[in-house]
>>> print(open('structure33.cif').read())   # mmCIF, C-alpha atoms
data_protein
#
loop_
_atom_site.group_PDB
_atom_site.id
_atom_site.type_symbol
_atom_site.label_atom_id
_atom_site.label_comp_id
_atom_site.auth_asym_id
_atom_site.auth_seq_id
_atom_site.Cartn_x
_atom_site.Cartn_y
_atom_site.Cartn_z
ATOM 1 C CA MET S 1 44.446 74.165 76.070
ATOM 2 C CA THR S 2 47.845 72.661 76.821
ATOM 3 C CA ALA S 3 50.565 74.500 78.768
ATOM 4 C CA GLU S 4 52.548 74.787 75.539
ATOM 5 C CA GLU S 5 49.592 76.381 73.733
ATOM 6 C CA ALA S 6 49.018 78.743 76.661
ATOM 7 C CA LEU S 7 52.654 79.861 76.516
ATOM 8 C CA LYS S 8 52.294 80.518 72.792
ATOM 9 C CA TRP S 9 49.243 82.671 73.509
ATOM 10 C CA VAL S 10 51.197 84.583 76.145
ATOM 11 C CA SER S 11 54.000 85.208 73.662
ATOM 12 C CA VAL S 12 51.449 86.460 71.082
ATOM 13 C CA VAL S 13 49.933 88.820 73.657
ATOM 14 C CA ASN S 14 53.398 89.998 74.736
ATOM 15 C CA ALA S 15 54.403 90.630 71.133
ATOM 16 C CA LEU S 16 51.247 92.645 70.468
ATOM 17 C CA THR S 17 51.597 94.731 73.639
ATOM 18 C CA SER S 18 55.228 95.441 72.759
ATOM 19 C CA MET S 19 53.935 96.703 69.406
ATOM 20 C CA GLY S 20 51.865 99.216 71.341
ATOM 21 C CA VAL S 21 48.474 97.472 71.225
ATOM 22 C CA PRO S 22 46.608 98.454 74.427
ATOM 23 C CA ILE S 23 45.900 95.520 76.720
ATOM 24 C CA ALA S 24 42.236 96.585 76.991
ATOM 25 C CA LYS S 25 41.892 96.262 73.230
ATOM 26 C CA LEU S 26 43.485 92.834 73.367
ATOM 27 C CA VAL S 27 41.010 91.701 75.994
ATOM 28 C CA MET S 28 38.111 93.038 73.924
ATOM 29 C CA ALA S 29 39.471 91.226 70.886
ATOM 30 C CA LEU S 30 39.808 87.979 72.789
ATOM 31 C CA LYS S 31 36.230 88.361 74.014
ATOM 32 C CA ALA S 32 35.130 89.054 70.458
ATOM 33 C CA MET S 33 36.605 85.705 69.479
ATOM 34 C CA LEU S 34 34.221 83.837 71.762
ATOM 35 C CA SER S 35 32.143 81.477 69.679
ATOM 36 C CA ASP S 36 28.345 81.540 69.809
ATOM 37 C CA ASP S 37 28.469 78.338 71.852
ATOM 38 C CA GLN S 38 30.808 79.937 74.400
ATOM 39 C CA VAL S 39 28.564 83.016 74.643
ATOM 40 C CA LYS S 40 25.595 80.704 75.189
ATOM 41 C CA GLU S 41 27.481 78.851 77.933
ATOM 42 C CA VAL S 42 28.253 82.123 79.712
ATOM 43 C CA LEU S 43 24.637 83.253 79.371
ATOM 44 C CA LEU S 44 23.308 79.973 80.734
ATOM 45 C CA ALA S 45 25.678 80.251 83.703
ATOM 46 C CA THR S 46 24.543 83.854 84.257
ATOM 47 C CA ARG S 47 20.923 82.725 84.067
ATOM 48 C CA ARG S 48 21.579 80.137 86.775
ATOM 49 C CA GLY S 49 23.113 82.961 88.836
ATOM 50 C CA TRP S 50 19.986 85.096 88.428
ATOM 51 C CA ALA S 51 17.756 82.163 89.368
ATOM 52 C CA ALA S 52 19.832 81.484 92.494
ATOM 53 C CA ALA S 53 19.731 85.188 93.400
ATOM 54 C CA GLN S 54 15.942 85.155 93.021
ATOM 55 C CA ALA S 55 15.532 82.125 95.289
ATOM 56 C CA GLU S 56 17.842 83.641 97.916
ATOM 57 C CA ASN S 57 16.058 87.014 97.745
ATOM 58 C CA ASN S 58 12.585 85.487 98.072
ATOM 59 C CA ALA S 59 13.689 83.440 101.069
ATOM 60 C CA ARG S 60 15.264 86.503 102.683
ATOM 61 C CA ILE S 61 12.124 88.621 102.084
ATOM 62 C CA ALA S 62 10.014 85.964 103.826
ATOM 63 C CA GLU S 63 12.503 85.872 106.702
ATOM 64 C CA LEU S 64 12.529 89.662 107.099
ATOM 65 C CA GLU S 65 8.730 89.947 106.796
ATOM 66 C CA ALA S 66 8.416 87.498 109.680
ATOM 67 C CA LEU S 67 10.926 89.530 111.714
ATOM 68 C CA VAL S 68 9.134 92.822 111.031
ATOM 69 C CA ALA S 69 5.729 91.265 111.803
ATOM 70 C CA ALA S 70 7.059 89.852 115.086
ATOM 71 C CA ALA S 71 8.495 93.248 116.032
ATOM 72 C CA ASN S 72 5.171 94.967 115.251
ATOM 73 C CA GLY S 73 2.979 92.268 116.746
ATOM 74 C CA MET Y 1 47.205 77.867 67.240
ATOM 75 C CA ARG Y 2 48.925 79.925 64.522
ATOM 76 C CA ARG Y 3 45.552 80.366 62.808
ATOM 77 C CA ALA Y 4 44.019 81.597 66.072
ATOM 78 C CA ALA Y 5 46.861 84.079 66.607
ATOM 79 C CA SER Y 6 46.450 85.367 63.047
ATOM 80 C CA LEU Y 7 42.731 85.745 63.667
ATOM 81 C CA LEU Y 8 43.403 87.766 66.823
ATOM 82 C CA ILE Y 9 45.745 90.077 64.920
ATOM 83 C CA LEU Y 10 43.153 90.441 62.145
ATOM 84 C CA VAL Y 11 40.425 91.304 64.643
ATOM 85 C CA LEU Y 12 42.685 93.991 66.109
ATOM 86 C CA LEU Y 13 43.643 95.500 62.771
ATOM 87 C CA VAL Y 14 40.440 95.502 60.737
ATOM 88 C CA PRO Y 15 38.309 98.566 61.542
ATOM 89 C CA GLY Y 16 34.781 97.726 62.634
ATOM 90 C CA CYS Y 17 35.761 94.171 63.362
ATOM 91 C CA GLY Y 18 36.469 94.789 67.027
ATOM 92 C CA PRO Y 19 34.130 93.950 69.872
ATOM 93 C CA LYS Y 20 31.096 91.881 68.996
ATOM 94 C CA THR Y 21 27.861 93.199 70.409
ATOM 95 C CA LYS Y 22 26.652 89.996 72.033
ATOM 96 C CA PRO Y 23 29.676 89.389 74.319
ATOM 97 C CA VAL Y 24 29.475 93.042 75.412
ATOM 98 C CA LEU Y 25 25.799 92.630 76.285
ATOM 99 C CA VAL Y 26 26.649 89.428 78.120
ATOM 100 C CA LYS Y 27 29.183 91.387 80.168
ATOM 101 C CA PHE Y 28 26.498 93.914 81.166
ATOM 102 C CA ASP Y 29 24.155 91.100 82.189
ATOM 103 C CA ALA Y 30 26.904 89.488 84.300
ATOM 104 C CA THR Y 31 27.960 92.735 86.000
ATOM 105 C CA ALA Y 32 24.322 93.582 86.768
ATOM 106 C CA LEU Y 33 24.085 90.183 88.476
ATOM 107 C CA THR Y 34 27.290 90.927 90.402
ATOM 108 C CA ALA Y 35 25.797 94.246 91.590
ATOM 109 C CA VAL Y 36 22.671 92.454 92.831
ATOM 110 C CA GLN Y 37 24.758 89.795 94.619
ATOM 111 C CA GLU Y 38 26.877 92.520 96.227
ATOM 112 C CA ILE Y 39 23.816 94.370 97.553
ATOM 113 C CA ALA Y 40 22.402 91.105 98.932
ATOM 114 C CA ARG Y 41 25.736 90.392 100.653
ATOM 115 C CA VAL Y 42 25.918 93.906 102.133
ATOM 116 C CA GLU Y 43 22.347 93.588 103.452
ATOM 117 C CA ARG Y 44 23.126 90.247 105.115
ATOM 118 C CA ASP Y 45 26.391 91.536 106.625
ATOM 119 C CA LEU Y 46 24.843 94.722 108.026
ATOM 120 C CA SER Y 47 21.788 92.869 109.349
ATOM 121 C CA ALA Y 48 24.043 90.323 111.053
ATOM 122 C CA LEU Y 49 25.989 93.176 112.650
ATOM 123 C CA GLY Y 50 22.742 94.784 113.795
ATOM 124 C CA THR Y 51 23.472 98.013 111.924
ATOM 125 C CA LEU Y 52 20.555 97.643 109.499
ATOM 126 C CA ALA Y 53 17.001 97.525 110.883
ATOM 127 C CA PRO Y 54 14.829 94.647 109.579
ATOM 128 C CA ALA Y 55 12.394 97.139 108.001
ATOM 129 C CA ASP Y 56 15.245 98.816 106.069
ATOM 130 C CA ALA Y 57 16.682 95.434 105.086
ATOM 131 C CA LEU Y 58 13.216 94.423 103.846
ATOM 132 C CA ALA Y 59 12.944 97.623 101.753
ATOM 133 C CA VAL Y 60 16.320 96.884 100.140
ATOM 134 C CA ARG Y 61 15.358 93.253 99.435
ATOM 135 C CA LYS Y 62 11.992 94.283 97.945
ATOM 136 C CA ALA Y 63 13.840 96.736 95.680
ATOM 137 C CA LEU Y 64 16.097 93.885 94.536
ATOM 138 C CA ALA Y 65 13.136 91.720 93.453
ATOM 139 C CA PRO Y 66 12.171 93.560 90.199
ATOM 140 C CA VAL Y 67 15.851 93.861 89.196
ATOM 141 C CA ILE Y 68 16.355 90.118 89.614
ATOM 142 C CA SER Y 69 13.156 89.373 87.734
ATOM 143 C CA LEU Y 70 14.318 91.593 84.858
ATOM 144 C CA GLY Y 71 17.757 89.985 85.004
ATOM 145 C CA LEU Y 72 16.175 86.617 84.316
ATOM 146 C CA THR Y 73 14.000 87.849 81.439
ATOM 147 C CA ALA Y 74 16.882 89.931 80.005
ATOM 148 C CA THR Y 75 19.114 86.852 79.982
ATOM 149 C CA ASP Y 76 16.405 84.840 78.226
ATOM 150 C CA ALA Y 77 16.037 87.651 75.685
ATOM 151 C CA LEU Y 78 19.813 87.717 75.172
ATOM 152 C CA LEU Y 79 19.889 83.974 74.568
ATOM 153 C CA ALA Y 80 17.406 84.465 71.718
ATOM 154 C CA TRP Y 81 18.894 87.744 70.459
ATOM 155 C CA GLU Y 82 21.009 88.016 67.300
ATOM 156 C CA PRO Y 83 23.257 90.943 66.252
ATOM 157 C CA GLY Y 84 21.378 93.298 63.961
ATOM 158 C CA GLN Y 85 18.119 92.930 65.866
ATOM 159 C CA PRO Y 86 16.897 95.768 68.118
ATOM 160 C CA VAL Y 87 18.449 95.763 71.597
ATOM 161 C CA PRO Y 88 16.220 93.666 73.862
ATOM 162 C CA VAL Y 89 14.020 96.099 75.787
ATOM 163 C CA GLU Y 90 14.635 94.034 78.926
ATOM 164 C CA MET Y 91 18.307 95.077 78.815
ATOM 165 C CA LEU Y 92 17.338 98.754 78.830
ATOM 166 C CA ASN Y 93 14.755 98.208 81.579
ATOM 167 C CA LEU Y 94 17.351 96.333 83.637
ATOM 168 C CA SER Y 95 19.623 99.378 83.553
ATOM 169 C CA THR Y 96 16.754 101.679 84.578
ATOM 170 C CA GLU Y 97 15.785 99.375 87.467
ATOM 171 C CA LEU Y 98 19.424 99.341 88.647
ATOM 172 C CA GLY Y 99 19.177 103.125 88.984
ATOM 173 C CA LYS Y 100 16.044 102.838 91.134
ATOM 174 C CA LEU Y 101 17.721 100.146 93.213
ATOM 175 C CA LEU Y 102 20.697 102.407 93.831
ATOM 176 C CA THR Y 103 18.359 105.133 95.150
ATOM 177 C CA THR Y 104 16.573 102.718 97.504
ATOM 178 C CA ALA Y 105 19.778 101.078 98.724
ATOM 179 C CA THR Y 106 21.498 104.382 99.493
ATOM 180 C CA LEU Y 107 18.376 105.709 101.264
ATOM 181 C CA HIS Y 108 18.185 102.748 103.630
ATOM 182 C CA ILE Y 109 21.853 101.843 104.112
ATOM 183 C CA LYS Y 110 23.607 104.451 106.249
ATOM 184 C CA ASN Y 111 26.978 102.699 106.600
ATOM 185 C CA ASP Y 112 29.429 104.658 104.429
ATOM 186 C CA GLY Y 113 31.625 101.675 103.517
ATOM 187 C CA ALA Y 114 28.605 99.596 102.544
ATOM 188 C CA ARG Y 115 27.128 102.433 100.483
ATOM 189 C CA LEU Y 116 30.438 102.825 98.662
ATOM 190 C CA ALA Y 117 30.539 99.091 97.872
ATOM 191 C CA ILE Y 118 27.029 99.328 96.424
ATOM 192 C CA VAL Y 119 27.800 102.426 94.368
ATOM 193 C CA ILE Y 120 30.941 100.757 92.971
ATOM 194 C CA ALA Y 121 29.052 97.573 92.064
ATOM 195 C CA ILE Y 122 26.305 99.502 90.284
ATOM 196 C CA ALA Y 123 28.847 101.808 88.615
ATOM 197 C CA ALA Y 124 30.607 98.735 87.195
ATOM 198 C CA ALA Y 125 27.300 97.563 85.717
ATOM 199 C CA GLN Y 126 26.703 101.077 84.425
ATOM 200 C CA GLN Y 127 30.106 101.140 82.745
ATOM 201 C CA ALA Y 128 29.414 97.794 81.084
ATOM 202 C CA TRP Y 129 26.031 99.169 79.955
ATOM 203 C CA GLN Y 130 27.726 102.217 78.412
ATOM 204 C CA VAL Y 131 30.170 100.009 76.498
ATOM 205 C CA ALA Y 132 27.219 97.949 75.271
ATOM 206 C CA ILE Y 133 25.335 101.032 74.070
ATOM 207 C CA LEU Y 134 28.464 102.471 72.427
ATOM 208 C CA THR Y 135 29.019 99.185 70.623
ATOM 209 C CA MET Y 136 25.408 98.931 69.501
ATOM 210 C CA GLN Y 137 25.257 102.538 68.329
ATOM 211 C CA GLY Y 138 28.528 102.294 66.422
ATOM 212 C CA GLY Y 139 30.528 104.638 68.635
ATOM 213 C CA LYS Y 140 27.823 107.216 69.434
ATOM 214 C CA ALA Y 141 27.700 108.274 73.074
ATOM 215 C CA PRO Y 142 24.522 107.286 74.929
ATOM 216 C CA ALA Y 143 22.048 110.110 75.553
ATOM 217 C CA MET Y 144 21.917 109.322 79.260
ATOM 218 C CA THR Y 145 23.232 106.915 81.832
ATOM 219 C CA PRO Y 146 20.129 105.239 83.293
ATOM 220 C CA ALA Y 147 21.756 103.311 86.126
ATOM 221 C CA LEU Y 148 22.924 106.523 87.770
ATOM 222 C CA VAL Y 149 19.903 108.651 86.867
ATOM 223 C CA GLY Y 150 18.201 107.514 90.035
ATOM 224 C CA VAL Y 151 20.856 109.124 92.234
ATOM 225 C CA ALA Y 152 19.667 112.430 93.598
#
>>> encode(input="structure33.cif", output="structure tokens")
Amino acid sequence: MTAEEALKWVSVVNALTSMGVPIAKLVMALKAMLSDDQVKEVLLATRRGWAAAQAENNARIAELEALVAAANG
Amino acid sequence: MRRAASLLILVLLVPGCGPKTKPVLVKFDATALTAVQEIARVERDLSALGTLAPADALAVRKALAPVISLGLTATDALLAWEPGQPVPVEMLNLSTELGKLLTTATLHIKNDGARLAIVIAIAAAQQAWQVAILTMQGGKAPAMTPALVGVA
């Protein structure tokens, strides 16, 4: 999106809010305009986040188990 | 550009043409992930400060494991899911597991600030879940709020 296009979007949003459209509804509407491809992109990014969280959690569990075992041993 | 603006106005004005279900579900999935990341961060911070015993930290981390596992399967289910199909059961289970996680985290983490951060993170996921259920049920309020059911 060019700067000019972005400014046009801002003016559209400003016009709608001045007409009394709640900003939350605008955000929901913008989200609703996401294409299937964009939704898929977001989901794939989220999936990578879950996978990274799983790897970090497993590593941390191993680390803590070793700490607890050392404290008990 | 003009076409896109017209579309936005149309989406806002036509009843029943508002939020699509899939993006709302995606938001729940993303906020659930944020809650998990926040709890992991809090555990690391408190452990580094020496205010969380390793055994308590381990209990929190073990409680995170099933939530993360469900997060992965729920995301896979969402990728395959189409509007009109039943809500993926993994999404509902993910919300329930978040509630259990909240109970475990608040039992083991005594630091008030850290507990508040965890409650806020899970509440955000809960709110996103509620919006998802409202959207899927066409405006009907959910019968219960699973993510907070686990709080005594």
>>> residues_around(input="structure33.cif", residues="Met91 (chain Y)", least_positions_apart="4", cutoff="9 Å", atoms="only C-alpha atoms", output="list in words")
Leu25, Phe28, Asp29, Leu70, Gly71, Thr73, Ala74, Thr75, Ala77, Leu78, Val87, Ser95, Thr96 and Trp129 of chain Y
>>> residues_around(input="structure33.cif", residues="Ala128 (chain Y)", least_positions_apart="4", cutoff="10 Å", atoms="all atoms listed in the file", output="ChimeraX atom specification")
/Y:24-32,122-124,132-134
>>> closest_residue(input="structure33.cif", among="S:Ala45, S:Trp50, S:Gln38, S:Ala70", to="chain Y", atoms="all atoms listed in the file")
S:Trp50
>>> residues_around(input="structure33.cif", residues="Arg115 (chain Y)", least_positions_apart="6", cutoff="8 Å", atoms="only C-alpha atoms", output="MDAnalysis selection string")
chainID Y and resid 105:106 109
>>> atom_distance(input="structure33.cif", atom1="CA of Val119 (chain Y)", atom2="CA of Val36 (chain Y)")
11.3 Å
>>> atom_distance(input="structure33.cif", atom1="CA of Thr104 (chain Y)", atom2="CA of Ala59 (chain Y)")
7.6 Å
>>> closest_residue(input="structure33.cif", among="Y:Leu49, Y:Ala125, Y:Ala57, Y:Ile39", to="chain S", atoms="all atoms listed in the file")
Y:Ala57
>>> atom_distance(input="structure33.cif", atom1="CA of Gly49 (chain S)", atom2="CA of Ala53 (chain Y)")
27.1 Å
>>> resolve_selection(input="structure33.cif", expression="the PyMOL selection byres ((chain S and resi 57) around 8)", output="ChimeraX atom specification")
/S:53-56,58-61 /Y:40,61,64-65
>>> closest_residue(input="structure33.cif", among="S:Thr46, S:Ala71, S:Glu41, S:Ala52", to="chain Y", atoms="all atoms listed in the file")
S:Thr46
>>> closest_residue(input="structure33.cif", among="Y:Glu97, Y:Ala80, Y:Leu107, Y:Gln126", to="Val67 (chain Y)", atoms="only C-alpha atoms")
Y:Glu97
>>> closest_residue(input="structure33.cif", among="Y:Pro88, Y:Gly113, Y:Gly99, Y:Pro54", to="chain S", atoms="all atoms listed in the file")
Y:Pro54
